[in-house]
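**Student:** The structure file coords-v9.txt (compact mmCIF, C-alpha atoms and all ligand atoms) is provided below.
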```
# COMPACT_ATOMS: atom_id res chain seq x y z
CA MET V 1 1.70 -35.53 -28.18
CA ASP V 2 2.57 -34.73 -24.56
CA HIS V 3 2.67 -37.75 -22.27
CA TYR V 4 2.32 -37.64 -18.47
CA ASP V 5 2.13 -40.09 -15.60
CA VAL V 6 -1.04 -38.37 -14.43
CA ILE V 7 -3.37 -35.76 -15.86
CA ILE V 8 -5.60 -33.98 -13.37
CA ILE V 9 -8.65 -32.32 -14.85
CA GLY V 10 -9.71 -29.47 -12.55
CA GLY V 11 -7.15 -27.37 -10.72
CA SER V 12 -9.08 -26.08 -7.72
CA TYR V 13 -8.68 -27.44 -4.15
CA ALA V 14 -9.19 -31.14 -4.92
CA GLY V 15 -7.02 -31.16 -8.05
CA LEU V 16 -4.28 -29.08 -6.44
CA SER V 17 -4.20 -31.32 -3.39
CA ALA V 18 -3.78 -34.43 -5.57
CA ALA V 19 -1.07 -32.59 -7.53
CA MET V 20 0.79 -31.71 -4.33
CA ALA V 21 1.06 -35.41 -3.39
CA LEU V 22 2.09 -36.32 -6.95
CA GLY V 23 4.60 -33.50 -7.29
CA ARG V 24 6.25 -34.51 -4.04
CA SER V 25 6.33 -38.08 -5.41
CA ARG V 26 8.21 -36.78 -8.50
CA ARG V 27 5.43 -37.85 -10.88
CA ASN V 28 5.11 -36.03 -14.19
CA THR V 29 1.72 -34.46 -13.75
CA LEU V 30 -0.34 -32.02 -15.78
CA ILE V 31 -3.19 -30.00 -14.29
CA ILE V 32 -5.77 -28.74 -16.78
CA ASP V 33 -8.01 -26.07 -15.30
CA ALA V 34 -10.79 -23.93 -16.71
CA GLY V 35 -10.61 -21.52 -13.74
CA ASP V 36 -14.26 -21.66 -12.70
CA PRO V 37 -14.55 -23.02 -9.12
CA CYS V 38 -18.05 -23.31 -7.63
CA ASN V 39 -17.41 -20.97 -4.68
CA SER V 40 -16.16 -17.95 -6.65
CA SER V 41 -19.15 -15.80 -5.62
CA THR V 42 -18.49 -16.16 -1.91
CA PRO V 43 -16.42 -13.38 -0.32
CA ARG V 44 -15.06 -15.53 2.52
CA SER V 45 -14.50 -19.24 2.92
CA HIS V 46 -14.90 -20.80 6.38
CA ASN V 47 -14.31 -24.05 8.21
CA PHE V 48 -10.90 -24.92 6.75
CA LEU V 49 -8.04 -24.95 9.25
CA THR V 50 -5.56 -22.06 9.01
CA GLN V 51 -7.70 -20.31 6.35
CA ASP V 52 -10.94 -19.54 8.22
CA GLY V 53 -12.50 -16.38 6.78
CA VAL V 54 -10.01 -16.09 3.91
CA ALA V 55 -11.22 -15.29 0.36
CA PRO V 56 -11.58 -18.57 -1.58
CA GLY V 57 -9.43 -17.31 -4.48
CA GLU V 58 -6.63 -16.47 -2.07
CA ILE V 59 -6.56 -20.04 -0.71
CA ALA V 60 -6.38 -21.40 -4.28
CA THR V 61 -3.70 -18.90 -5.33
CA ILE V 62 -1.40 -19.87 -2.45
CA ALA V 63 -2.04 -23.56 -3.12
CA LYS V 64 -1.32 -23.21 -6.85
CA ALA V 65 1.94 -21.30 -6.21
CA GLN V 66 3.15 -24.04 -3.86
CA VAL V 67 2.10 -26.88 -6.18
CA ILE V 68 3.57 -25.57 -9.45
CA ASN V 69 6.84 -24.96 -7.66
CA TYR V 70 7.51 -28.71 -7.95
CA PRO V 71 9.43 -29.25 -11.21
CA THR V 72 7.39 -32.26 -12.37
CA ILE V 73 4.10 -30.33 -12.28
CA ASP V 74 2.79 -28.58 -15.42
CA TRP V 75 -0.23 -26.28 -15.58
CA HIS V 76 -2.51 -25.74 -18.57
CA SER V 77 -5.25 -23.11 -18.45
CA GLY V 78 -8.20 -24.26 -20.54
CA HIS V 79 -10.93 -26.89 -20.90
CA ALA V 80 -10.36 -30.63 -21.27
CA LEU V 81 -12.84 -31.58 -23.97
CA GLU V 82 -12.59 -35.27 -24.62
CA LEU V 83 -11.37 -38.25 -22.64
CA THR V 84 -10.86 -41.72 -24.14
CA GLY V 85 -8.58 -44.72 -23.68
CA GLU V 86 -7.90 -47.03 -20.78
CA LYS V 87 -5.65 -47.58 -17.76
CA GLY V 88 -2.07 -47.09 -18.91
CA LEU V 89 -2.97 -44.93 -21.91
CA PHE V 90 -5.66 -42.30 -21.63
CA ARG V 91 -6.01 -39.68 -24.37
CA MET V 92 -7.47 -36.25 -24.07
CA THR V 93 -7.78 -33.02 -26.00
CA THR V 94 -8.14 -29.46 -24.86
CA ASP V 95 -10.08 -26.51 -26.26
CA GLN V 96 -6.76 -25.11 -27.47
CA GLY V 97 -6.17 -28.19 -29.61
CA ARG V 98 -3.57 -29.84 -27.37
CA ALA V 99 -3.49 -33.64 -27.61
CA LEU V 100 -2.32 -35.33 -24.42
CA THR V 101 -1.86 -38.81 -23.01
CA SER V 102 -1.39 -40.15 -19.50
CA ARG V 103 -1.18 -43.37 -17.53
CA ARG V 104 -3.79 -42.26 -15.00
CA VAL V 105 -6.47 -39.57 -14.85
CA ILE V 106 -7.89 -37.70 -11.88
CA LEU V 107 -11.22 -35.94 -12.25
CA ALA V 108 -11.43 -32.93 -9.94
CA THR V 109 -13.99 -31.18 -12.08
CA GLY V 110 -16.55 -30.22 -9.44
CA LEU V 111 -20.26 -29.56 -9.72
CA ARG V 112 -22.45 -26.91 -11.27
CA ASP V 113 -25.20 -25.46 -9.03
CA LEU V 114 -28.45 -25.03 -10.92
CA LEU V 115 -29.69 -21.69 -9.66
CA PRO V 116 -33.41 -20.90 -10.08
CA GLU V 117 -34.18 -18.02 -12.40
CA ILE V 118 -35.47 -15.75 -9.64
CA PRO V 119 -34.37 -12.11 -9.94
CA GLY V 120 -31.77 -11.30 -7.27
CA PHE V 121 -31.00 -14.96 -6.47
CA ALA V 122 -27.68 -15.15 -8.35
CA GLU V 123 -26.50 -11.81 -6.92
CA CYS V 124 -26.96 -13.16 -3.37
CA TRP V 125 -25.62 -16.70 -4.05
CA GLY V 126 -22.63 -17.47 -1.80
CA LYS V 127 -23.13 -14.25 0.19
CA THR V 128 -26.53 -14.41 1.88
CA VAL V 129 -28.21 -17.16 -0.16
CA ILE V 130 -26.09 -20.07 1.01
CA HIS V 131 -25.80 -23.80 0.57
CA CYS V 132 -24.17 -24.94 3.80
CA PRO V 133 -24.41 -24.01 7.49
CA TYR V 134 -20.88 -25.23 8.26
CA CYS V 135 -19.49 -22.80 5.68
CA HIS V 136 -21.62 -19.75 6.39
CA GLY V 137 -24.14 -20.51 9.18
CA TYR V 138 -22.17 -19.03 12.08
CA GLU V 139 -22.22 -15.58 10.43
CA PHE V 140 -26.05 -15.64 10.48
CA SER V 141 -26.51 -16.98 14.02
CA ASP V 142 -29.85 -15.97 15.58
CA GLN V 143 -30.83 -14.01 12.45
CA ALA V 144 -34.14 -14.17 10.56
CA THR V 145 -33.49 -17.02 8.12
CA GLY V 146 -35.30 -18.91 5.38
CA ILE V 147 -34.88 -22.45 4.14
CA LEU V 148 -35.67 -23.27 0.51
CA ALA V 149 -35.74 -27.03 0.09
CA PRO V 150 -37.65 -29.86 -1.60
CA ALA V 151 -40.28 -31.41 0.71
CA ASP V 152 -38.32 -34.66 1.19
CA GLN V 153 -35.30 -32.74 2.57
CA ALA V 154 -37.21 -30.05 4.47
CA LEU V 155 -37.43 -31.61 7.95
CA GLU V 156 -33.76 -32.61 7.91
CA MET V 157 -32.82 -29.02 6.96
CA VAL V 158 -35.11 -27.48 9.61
CA LYS V 159 -33.59 -29.69 12.32
CA LEU V 160 -30.05 -28.84 11.23
CA ILE V 161 -30.46 -25.09 10.82
CA SER V 162 -32.37 -24.80 14.15
CA ASN V 163 -28.96 -25.16 15.78
CA TRP V 164 -27.92 -21.76 14.34
CA THR V 165 -31.20 -19.87 14.65
CA SER V 166 -34.75 -20.40 15.85
CA ASP V 167 -36.06 -17.51 13.71
CA LEU V 168 -36.89 -19.77 10.77
CA ARG V 169 -39.38 -20.08 7.93
CA LEU V 170 -39.59 -22.81 5.34
CA PHE V 171 -40.18 -22.40 1.59
CA LEU V 172 -40.83 -25.57 -0.34
CA MET V 173 -39.55 -26.09 -3.84
CA GLY V 174 -40.47 -28.73 -6.41
CA ASP V 175 -43.58 -30.88 -6.77
CA LYS V 176 -43.29 -33.06 -3.68
CA VAL V 177 -45.50 -32.36 -0.66
CA LEU V 178 -44.67 -32.59 3.04
CA ASP V 179 -45.79 -35.66 4.90
CA HIS V 180 -48.40 -34.76 7.62
CA GLN V 181 -46.25 -35.84 10.55
CA GLU V 182 -43.26 -33.92 9.27
CA ARG V 183 -45.41 -30.83 8.69
CA ASP V 184 -46.74 -31.03 12.28
CA SER V 185 -43.29 -31.40 13.82
CA ILE V 186 -41.96 -28.43 11.84
CA ILE V 187 -44.90 -26.23 12.88
CA GLU V 188 -44.58 -27.38 16.53
CA LYS V 189 -41.08 -25.93 16.56
CA GLY V 190 -42.46 -22.51 15.59
CA VAL V 191 -41.25 -22.63 11.98
CA ARG V 192 -43.67 -21.03 9.51
CA ILE V 193 -44.23 -22.97 6.30
CA ILE V 194 -44.79 -20.61 3.39
CA SER V 195 -46.38 -22.06 0.28
CA GLN V 196 -46.30 -18.93 -1.88
CA PRO V 197 -43.49 -19.19 -4.44
CA ILE V 198 -40.58 -16.74 -4.19
CA VAL V 199 -40.65 -14.38 -7.19
CA GLU V 200 -37.80 -12.06 -6.25
CA VAL V 201 -34.88 -11.84 -3.84
CA GLY V 202 -34.69 -8.25 -2.57
CA HIS V 203 -31.11 -7.27 -1.75
CA ALA V 204 -28.51 -4.51 -1.65
CA LYS V 205 -25.25 -5.66 -3.34
CA GLY V 206 -25.90 -9.28 -2.38
CA ALA V 207 -27.02 -8.52 1.20
CA LEU V 208 -30.46 -10.14 1.45
CA LYS V 209 -33.21 -7.80 2.65
CA HIS V 210 -36.45 -9.66 1.95
CA LEU V 211 -38.08 -12.24 -0.29
CA VAL V 212 -40.95 -11.12 -2.50
CA LEU V 213 -43.67 -13.76 -2.77
CA ALA V 214 -46.15 -14.45 -5.58
CA ASP V 215 -48.96 -12.59 -3.75
CA ASN V 216 -46.64 -9.56 -3.63
CA SER V 217 -46.09 -9.84 0.13
CA GLN V 218 -42.57 -9.53 1.52
CA GLU V 219 -40.71 -11.69 4.05
CA PRO V 220 -37.82 -9.77 5.63
CA MET V 221 -34.75 -11.92 6.33
CA LYS V 222 -30.96 -11.92 6.48
CA ALA V 223 -30.15 -15.33 5.03
CA LEU V 224 -31.68 -18.06 2.91
CA TYR V 225 -30.39 -21.64 2.82
CA ALA V 226 -31.02 -23.16 -0.59
CA ARG V 227 -30.79 -26.90 -1.30
CA LEU V 228 -30.26 -26.61 -5.02
CA PRO V 229 -29.95 -29.35 -7.60
CA THR V 230 -26.47 -29.80 -9.07
CA GLU V 231 -24.97 -31.42 -12.15
CA GLN V 232 -21.52 -32.67 -13.09
CA LYS V 233 -19.43 -29.93 -14.72
CA ALA V 234 -17.41 -32.20 -17.00
CA ASP V 235 -19.15 -33.29 -20.21
CA PHE V 236 -17.01 -36.36 -20.87
CA ILE V 237 -18.20 -38.26 -17.78
CA SER V 238 -21.13 -40.07 -19.40
CA PRO V 239 -19.31 -40.98 -22.65
CA MET V 240 -16.61 -42.65 -20.48
CA GLY V 241 -19.33 -44.76 -18.82
CA LEU V 242 -18.38 -43.80 -15.26
CA ALA V 243 -20.86 -45.07 -12.67
CA ILE V 244 -22.89 -42.37 -10.95
CA GLN V 245 -24.51 -42.51 -7.48
CA PRO V 246 -28.25 -41.74 -7.14
CA SER V 247 -27.22 -38.31 -5.78
CA GLY V 248 -25.46 -37.54 -9.08
CA HIS V 249 -21.94 -37.89 -7.64
CA LEU V 250 -19.38 -40.18 -9.26
CA GLU V 251 -19.11 -43.57 -7.61
CA VAL V 252 -15.72 -43.94 -5.89
CA ASP V 253 -14.08 -46.15 -3.28
CA LEU V 254 -12.16 -44.86 -0.24
CA PHE V 255 -9.11 -44.11 -2.39
CA GLY V 256 -10.96 -42.30 -5.18
CA ASN V 257 -11.07 -45.16 -7.71
CA THR V 258 -14.07 -44.76 -10.02
CA SER V 259 -15.81 -47.64 -11.79
CA VAL V 260 -13.36 -47.25 -14.71
CA GLU V 261 -9.90 -48.58 -13.89
CA GLY V 262 -7.22 -45.90 -13.93
CA ILE V 263 -9.66 -42.99 -13.50
CA TYR V 264 -9.94 -41.42 -10.06
CA ALA V 265 -12.41 -38.78 -8.90
CA VAL V 266 -11.91 -36.36 -6.01
CA GLY V 267 -13.66 -33.40 -4.40
CA ASP V 268 -17.19 -32.26 -5.15
CA CYS V 269 -17.71 -34.37 -8.25
CA ALA V 270 -17.58 -37.51 -6.09
CA HIS V 271 -18.42 -36.46 -2.52
CA LEU V 272 -21.65 -35.35 -0.91
CA MET V 273 -19.93 -33.59 2.01
CA ARG V 274 -19.06 -30.51 0.03
CA SER V 275 -16.19 -28.53 1.55
CA VAL V 276 -12.67 -27.33 0.89
CA ALA V 277 -11.45 -29.75 3.58
CA THR V 278 -13.11 -32.75 1.87
CA ALA V 279 -11.71 -31.68 -1.50
CA VAL V 280 -8.19 -31.43 -0.06
CA TYR V 281 -8.50 -34.71 1.87
CA THR V 282 -9.80 -36.76 -1.06
CA GLY V 283 -7.27 -35.25 -3.48
CA ASN V 284 -4.42 -36.04 -1.13
CA ILE V 285 -5.44 -39.70 -0.81
CA ALA V 286 -5.88 -40.22 -4.58
CA GLY V 287 -2.50 -38.61 -5.31
CA ALA V 288 -0.75 -40.96 -2.89
CA MET V 289 -2.65 -44.03 -4.12
CA ILE V 290 -1.80 -43.37 -7.76
CA ASN V 291 1.86 -42.93 -6.89
CA LYS V 292 1.82 -46.26 -5.04
CA GLU V 293 0.15 -48.01 -7.99
CA LEU V 294 2.68 -46.62 -10.46
CA ALA V 295 5.60 -47.50 -8.17
CA GLU V 296 4.40 -51.13 -7.97
CA GLU V 297 3.80 -51.25 -11.73
CA ASP V 298 7.29 -49.96 -12.53
CA PHE V 299 9.29 -51.94 -9.94
C1 LIG Q 1 -21.24 -20.60 -3.03
C2 LIG Q 1 -20.38 -21.62 -2.31
C3 LIG Q 1 -19.72 -21.26 -1.15
C4 LIG Q 1 -18.92 -22.19 -0.50
N1 LIG Q 1 -18.31 -21.86 0.68
C5 LIG Q 1 -17.52 -22.75 1.30
C6 LIG Q 1 -16.85 -22.43 2.52
O1 LIG Q 1 -17.00 -21.33 3.08
N2 LIG Q 1 -16.07 -23.40 3.09
C7 LIG Q 1 -15.90 -24.64 2.54
O2 LIG Q 1 -15.17 -25.46 3.09
N3 LIG Q 1 -16.53 -24.97 1.38
C8 LIG Q 1 -17.32 -24.07 0.76
N4 LIG Q 1 -17.97 -24.41 -0.38
C9 LIG Q 1 -17.73 -25.75 -0.96
C10 LIG Q 1 -16.38 -25.75 -1.68
O3 LIG Q 1 -16.25 -24.57 -2.45
C11 LIG Q 1 -16.26 -26.96 -2.59
O4 LIG Q 1 -16.47 -28.11 -1.83
C12 LIG Q 1 -14.88 -27.00 -3.25
O5 LIG Q 1 -14.70 -25.86 -4.07
C13 LIG Q 1 -14.73 -28.26 -4.08
O6 LIG Q 1 -13.49 -28.26 -4.69
P1 LIG Q 1 -13.27 -29.02 -6.07
O7 LIG Q 1 -11.84 -28.83 -6.39
O8 LIG Q 1 -13.82 -30.40 -5.98
O9 LIG Q 1 -14.23 -28.27 -7.12
P2 LIG Q 1 -14.25 -26.73 -7.58
O10 LIG Q 1 -13.63 -25.88 -6.54
O11 LIG Q 1 -15.63 -26.43 -8.01
O12 LIG Q 1 -13.29 -26.70 -8.85
C14 LIG Q 1 -13.50 -27.48 -10.00
C15 LIG Q 1 -12.50 -26.97 -11.02
O13 LIG Q 1 -12.52 -27.85 -12.16
C16 LIG Q 1 -12.51 -27.06 -13.33
N5 LIG Q 1 -13.10 -27.83 -14.44
C17 LIG Q 1 -14.32 -28.39 -14.54
N6 LIG Q 1 -14.48 -29.03 -15.72
C18 LIG Q 1 -13.31 -28.86 -16.37
C19 LIG Q 1 -12.84 -29.26 -17.65
N7 LIG Q 1 -13.58 -29.98 -18.49
N8 LIG Q 1 -11.58 -28.90 -18.03
C20 LIG Q 1 -10.78 -28.16 -17.19
N9 LIG Q 1 -11.18 -27.75 -15.97
C21 LIG Q 1 -12.43 -28.09 -15.57
C22 LIG Q 1 -13.35 -25.83 -12.96
O14 LIG Q 1 -13.13 -24.75 -13.85
C23 LIG Q 1 -12.84 -25.57 -11.54
O15 LIG Q 1 -11.69 -24.74 -11.53
C24 LIG Q 1 -18.79 -23.50 -1.05
C25 LIG Q 1 -19.46 -23.84 -2.22
C26 LIG Q 1 -20.26 -22.93 -2.84
C27 LIG Q 1 -20.99 -23.31 -4.10
```
Will you turn the file into structure tokens for me?

**Tutor:**
Amino acid sequence: MDHYDVIIIGGSYAGLSAAMALGRSRRNTLIIDAGDPCNSSTPRSHNFLTQDGVAPGEIATIAKAQVINYPTIDWHSGHALELTGEKGLFRMTTDQGRALTSRRVILATGLRDLLPEIPGFAECWGKTVIHCPYCHGYEFSDQATGILAPADQALEMVKLISNWTSDLRLFLMGDKVLDHQERDSIIEKGVRIISQPIVEVGHAKGALKHLVLADNSQEPMKALYARLPTEQKADFISPMGLAIQPSGHLEVDLFGNTSVEGIYAVGDCAHLMRSVATAVYTGNIAGAMINKELAEEDF
């Protein structure tokens, strides 16, 4: 049985950032990572200082090289399957049959985007079908753009995206309907509301050309913002009884403490503001806080 001060599950930006703080604090730390970050389909990551426009894998590769250079950091490629125990002694197993224990656990396991089964959608995801204007909006400034959103988020999205382009049309998804006042204010701004469902995303190697609608008509456009549902990637979250926010994110305090003592959560799995910067920031805080806790415990 391998024993660590801290085991971090998820070795992308959030997990690596926590590991950097822990490695520099000389804490024996293991990172377990399945190697499947949510942004792998996007060719360029934006809005993170010093790395604007860099491929997401390149940012993670540099970060990993710097983190595992600290002698107290171990790396395990694989899936963490089970998590049990309590503060001071957590137990976990991996898909390769490793049994591990640790005093603290950090979840940096991220989210899974639930893509609709529309032909062409997955091929464009992260390239021209995008989730966030701060990450990719600038590249589509003043271009013909669609918004695919549930009715209760539609007006908020239209207001936000109007800052990048006024050439907008709105596609509603789900069962909810637009409130009359909201509908009127969207139309007043010159945004067309299209009720026909999207049946295909026409593209060339991920570059969006047009959307094909149920009546077989086509809407030419360069980008589509999609507010997709997400789910937690890690399966052991509900068996551990961790409290979840209404949005589906793990409940955490400012330092990353979850509702279960000794378990921290950082990055996408716990934060609505989804970005590399948030992942790095929240990981960094949790790493430092755990070190402080252990230092006080051991003094
Ligand atoms: C398509 C797309 C494009 C994006 N573009 C940008 C951008 O341009 N700029 C920006 O700032 N942000 C961007 N984001 C957001 C950004 O990618 C995320 O906020 C960031 O990746 C979150 O980091 P994370 O470490 O929390 O999670 P992730 O990066 O998703 O990593 C989670 C890691 O945990 C691992 N994992 C999960 N479960 C287990 C388990 N049981 N055992 C072991 N490992 C596990 C996964 O394999 C993965 O490696 C984008 C997101 C998407 C979806």

**Student:** Residues within 7 Å of ligand LIG 1 (chain Q) (only C-alpha atoms and all ligand atoms), as a count of residues only?

**Tutor:** 51

**Student:** Go ahead and compute the interatomic distance for CA of Gln245 (chain V) and CA of Tyr264 (chain V), in Å to one decimal.

**Tutor:**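 Separation of CA of Gln245 (chain V) and CA of Tyr264 (chain V): 14.8 Å.
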
**Student:** Between V:Val201, V:Leu208, V:Ala19, V:Leu170, which one has atoms that come closest to Asn69 (chain V), using all atoms listed in the file?

**Tutor:**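 Closest to Asn69 (chain V) of all the choices is V:Ala19.
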
**Student:** Leaving out Arg24 (chain V) and any residue of its chain fewer than 5 positions from it, which residues lie within 10 Å of it when counting only C-alpha atoms, given as a PyMOL selection string?

**Tutor:** chain V and resi 19+67+70-73+287-288+291

**Student:** Using all atoms listed in the file, which protein or nucleic acid residues come within 8 Å of region 211-213 of chain V? Drop anything in the same chain fewer than 5 positions from it, and give the result as a list in words.

**Tutor:**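 Residues near the query, excluding close chain neighbours: Gln196, Pro197, Ile198, Val199, Glu200, Val201, Gly202, Gln218, Glu219, Pro220 and Met221 of chain V.
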
**Student:** Could you give me, as JSON, numbers by chain, the residues within 6 Å of Ile8 (chain V), counting only C-alpha atoms and dropping anything in the same chain fewer than 5 positions from it?

**Tutor:** {"V": [31, 105, 106]}

**Student:** What's the separation between CA of Glu297 (chain V) and CA of Ser102 (chain V), in Å to one decimal place?

**Tutor:**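 These atoms are spaced 14.5 Å apart.
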
**Student:** Using all atoms listed in the file, which of V:Ala214, V:Leu228, V:Leu254, V:Leu155 sits nearest Glu188 (chain V)?

**Tutor:**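 Among V:Ala214, V:Leu228, V:Leu254, V:Leu155, it is V:Leu155 that comes nearest to Glu188 (chain V).
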
**Student:** At what distance in Å, to one decimal, does CA of Val129 (chain V) lie from CA of Ser217 (chain V)?

**Tutor:**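 Atom-to-atom, CA of Ser217 (chain V) to CA of Val129 (chain V), that is 19.3 Å.
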
**Student:** Using all atoms listed in the file, find the one residue out of V:Arg104, V:Lys209, V:Thr165, V:Tyr225 that sits nearest to Asn257 (chain V).

**Tutor:**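 Distance minimum relative to Asn257 (chain V) lands on V:Arg104.
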
**Student:** Find the residues around Ile194 (chain V) up to 8 Å (all atoms listed in the file counted), leave out those fewer than 6 positions away in its own chain, and share them as a list of chain:residue names.

**Tutor:**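 Once the adjacent positions are removed, what remains is V:Arg169, V:Leu170, V:Phe171, V:Leu172.
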
**Student:** Name the residues in contact with Ser259 (chain V) at a cut-off of 7 Å, using only C-alpha atoms, excluding same-chain residues fewer than 2 positions from it; report them as number ranges by chain.

**Tutor:** V: 242-243, 251-252, 257, 261

**Student:** Which residue out of V:Asp167, V:Asp298, V:Glu139, V:Glu293 has the minimum interatomic distance to Gly53 (chain V) when only C-alpha atoms are used?

**Tutor:** V:Glu139

**Student:** Which protein, DNA or RNA residues have an atom at most 9 Å from (-5.8, -31.1, -24.1), counting only C-alpha atoms? List them as a ChimeraX atom specification.

**Tutor:** /V:32,76,78-82,91-101

**Student:** Step by step: start from the point (-6.2, -45.8, -18.4) in the file's coordinates, keep every protein, DNA or RNA residue that has an atom no farther than 6 Å from it, count only C-alpha atoms, and write the set as a list in words.

**Tutor:**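 Those residues lying close to the given coordinates are Gly85, Glu86, Lys87, Gly88, Leu89, Phe90, Arg103, Arg104 and Gly262 of chain V.
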
**Student:** Calculated over all atoms listed in the file, which of the candidates V:Thr282, V:Ser195, V:Ser77, V:Thr29 has the smallest distance to Ala151 (chain V)?

**Tutor:** V:Ser195

**Student:** Kindly add N, CA and C atoms to the incomplete region 72-94 of chain V and provide the output as a PDB file, in the frame of the given file.

**Tutor:**
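Result file is result-v7.pdb:
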```pdb
ATOM      1  N   THR V  72       8.078 -31.263 -11.511  1.00  0.00           N
ATOM      2  CA  THR V  72       7.390 -32.260 -12.370  1.00  0.00           C
ATOM      3  C   THR V  72       5.920 -31.888 -12.613  1.00  0.00           C
ATOM      4  N   ILE V  73       5.508 -30.734 -12.111  1.00  0.00           N
ATOM      5  CA  ILE V  73       4.100 -30.330 -12.280  1.00  0.00           C
ATOM      6  C   ILE V  73       3.987 -29.292 -13.400  1.00  0.00           C
ATOM      7  N   ASP V  74       3.114 -29.563 -14.367  1.00  0.00           N
ATOM      8  CA  ASP V  74       2.790 -28.580 -15.420  1.00  0.00           C
ATOM      9  C   ASP V  74       1.357 -28.102 -15.231  1.00  0.00           C
ATOM     10  N   TRP V  75       1.115 -26.891 -15.694  1.00  0.00           N
ATOM     11  CA  TRP V  75      -0.230 -26.280 -15.580  1.00  0.00           C
ATOM     12  C   TRP V  75      -0.706 -25.871 -16.959  1.00  0.00           C
ATOM     13  N   HIS V  76      -1.929 -26.175 -17.292  1.00  0.00           N
ATOM     14  CA  HIS V  76      -2.510 -25.740 -18.570  1.00  0.00           C
ATOM     15  C   HIS V  76      -3.854 -25.077 -18.280  1.00  0.00           C
ATOM     16  N   SER V  77      -3.966 -23.799 -18.642  1.00  0.00           N
ATOM     17  CA  SER V  77      -5.250 -23.110 -18.450  1.00  0.00           C
ATOM     18  C   SER V  77      -6.133 -23.382 -19.655  1.00  0.00           C
ATOM     19  N   GLY V  78      -7.279 -23.963 -19.438  1.00  0.00           N
ATOM     20  CA  GLY V  78      -8.200 -24.260 -20.540  1.00  0.00           C
ATOM     21  C   GLY V  78      -9.127 -25.394 -20.157  1.00  0.00           C
ATOM     22  N   HIS V  79      -9.944 -25.826 -21.122  1.00  0.00           N
ATOM     23  CA  HIS V  79     -10.930 -26.890 -20.900  1.00  0.00           C
ATOM     24  C   HIS V  79     -10.428 -28.217 -21.463  1.00  0.00           C
ATOM     25  N   ALA V  80     -10.557 -29.288 -20.697  1.00  0.00           N
ATOM     26  CA  ALA V  80     -10.360 -30.630 -21.270  1.00  0.00           C
ATOM     27  C   ALA V  80     -11.680 -30.989 -21.943  1.00  0.00           C
ATOM     28  N   LEU V  81     -11.604 -31.374 -23.218  1.00  0.00           N
ATOM     29  CA  LEU V  81     -12.840 -31.580 -23.970  1.00  0.00           C
ATOM     30  C   LEU V  81     -13.251 -33.034 -24.055  1.00  0.00           C
ATOM     31  N   GLU V  82     -12.271 -33.878 -24.328  1.00  0.00           N
ATOM     32  CA  GLU V  82     -12.590 -35.270 -24.620  1.00  0.00           C
ATOM     33  C   GLU V  82     -11.681 -36.161 -23.812  1.00  0.00           C
ATOM     34  N   LEU V  83     -12.197 -37.293 -23.370  1.00  0.00           N
ATOM     35  CA  LEU V  83     -11.370 -38.250 -22.640  1.00  0.00           C
ATOM     36  C   LEU V  83     -11.688 -39.640 -23.175  1.00  0.00           C
ATOM     37  N   THR V  84     -10.669 -40.352 -23.638  1.00  0.00           N
ATOM     38  CA  THR V  84     -10.860 -41.720 -24.140  1.00  0.00           C
ATOM     39  C   THR V  84      -9.691 -42.573 -23.640  1.00  0.00           C
ATOM     40  N   GLY V  85      -9.703 -43.844 -24.009  1.00  0.00           N
ATOM     41  CA  GLY V  85      -8.580 -44.720 -23.680  1.00  0.00           C
ATOM     42  C   GLY V  85      -8.836 -45.554 -22.452  1.00  0.00           C
ATOM     43  N   GLU V  86      -7.763 -46.144 -21.938  1.00  0.00           N
ATOM     44  CA  GLU V  86      -7.900 -47.030 -20.780  1.00  0.00           C
ATOM     45  C   GLU V  86      -6.662 -46.948 -19.902  1.00  0.00           C
ATOM     46  N   LYS V  87      -6.747 -47.609 -18.732  1.00  0.00           N
ATOM     47  CA  LYS V  87      -5.650 -47.580 -17.760  1.00  0.00           C
ATOM     48  C   LYS V  87      -4.318 -47.843 -18.467  1.00  0.00           C
ATOM     49  N   GLY V  88      -3.371 -46.953 -18.256  1.00  0.00           N
ATOM     50  CA  GLY V  88      -2.070 -47.090 -18.910  1.00  0.00           C
ATOM     51  C   GLY V  88      -1.917 -46.112 -20.057  1.00  0.00           C
ATOM     52  N   LEU V  89      -3.029 -45.896 -20.797  1.00  0.00           N
ATOM     53  CA  LEU V  89      -2.970 -44.930 -21.910  1.00  0.00           C
ATOM     54  C   LEU V  89      -4.320 -44.244 -22.119  1.00  0.00           C
ATOM     55  N   PHE V  90      -4.488 -43.152 -21.411  1.00  0.00           N
ATOM     56  CA  PHE V  90      -5.660 -42.300 -21.630  1.00  0.00           C
ATOM     57  C   PHE V  90      -5.279 -41.200 -22.607  1.00  0.00           C
ATOM     58  N   ARG V  91      -6.254 -40.786 -23.424  1.00  0.00           N
ATOM     59  CA  ARG V  91      -6.010 -39.680 -24.370  1.00  0.00           C
ATOM     60  C   ARG V  91      -6.996 -38.583 -24.067  1.00  0.00           C
ATOM     61  N   MET V  92      -6.508 -37.349 -24.180  1.00  0.00           N
ATOM     62  CA  MET V  92      -7.470 -36.250 -24.070  1.00  0.00           C
ATOM     63  C   MET V  92      -7.046 -35.075 -24.917  1.00  0.00           C
ATOM     64  N   THR V  93      -8.046 -34.225 -25.204  1.00  0.00           N
ATOM     65  CA  THR V  93      -7.780 -33.020 -26.000  1.00  0.00           C
ATOM     66  C   THR V  93      -8.274 -31.816 -25.205  1.00  0.00           C
ATOM     67  N   THR V  94      -7.704 -30.684 -25.533  1.00  0.00           N
ATOM     68  CA  THR V  94      -8.140 -29.460 -24.860  1.00  0.00           C
ATOM     69  C   THR V  94      -8.770 -28.512 -25.876  1.00  0.00           C
TER      70      THR V  94
END
```
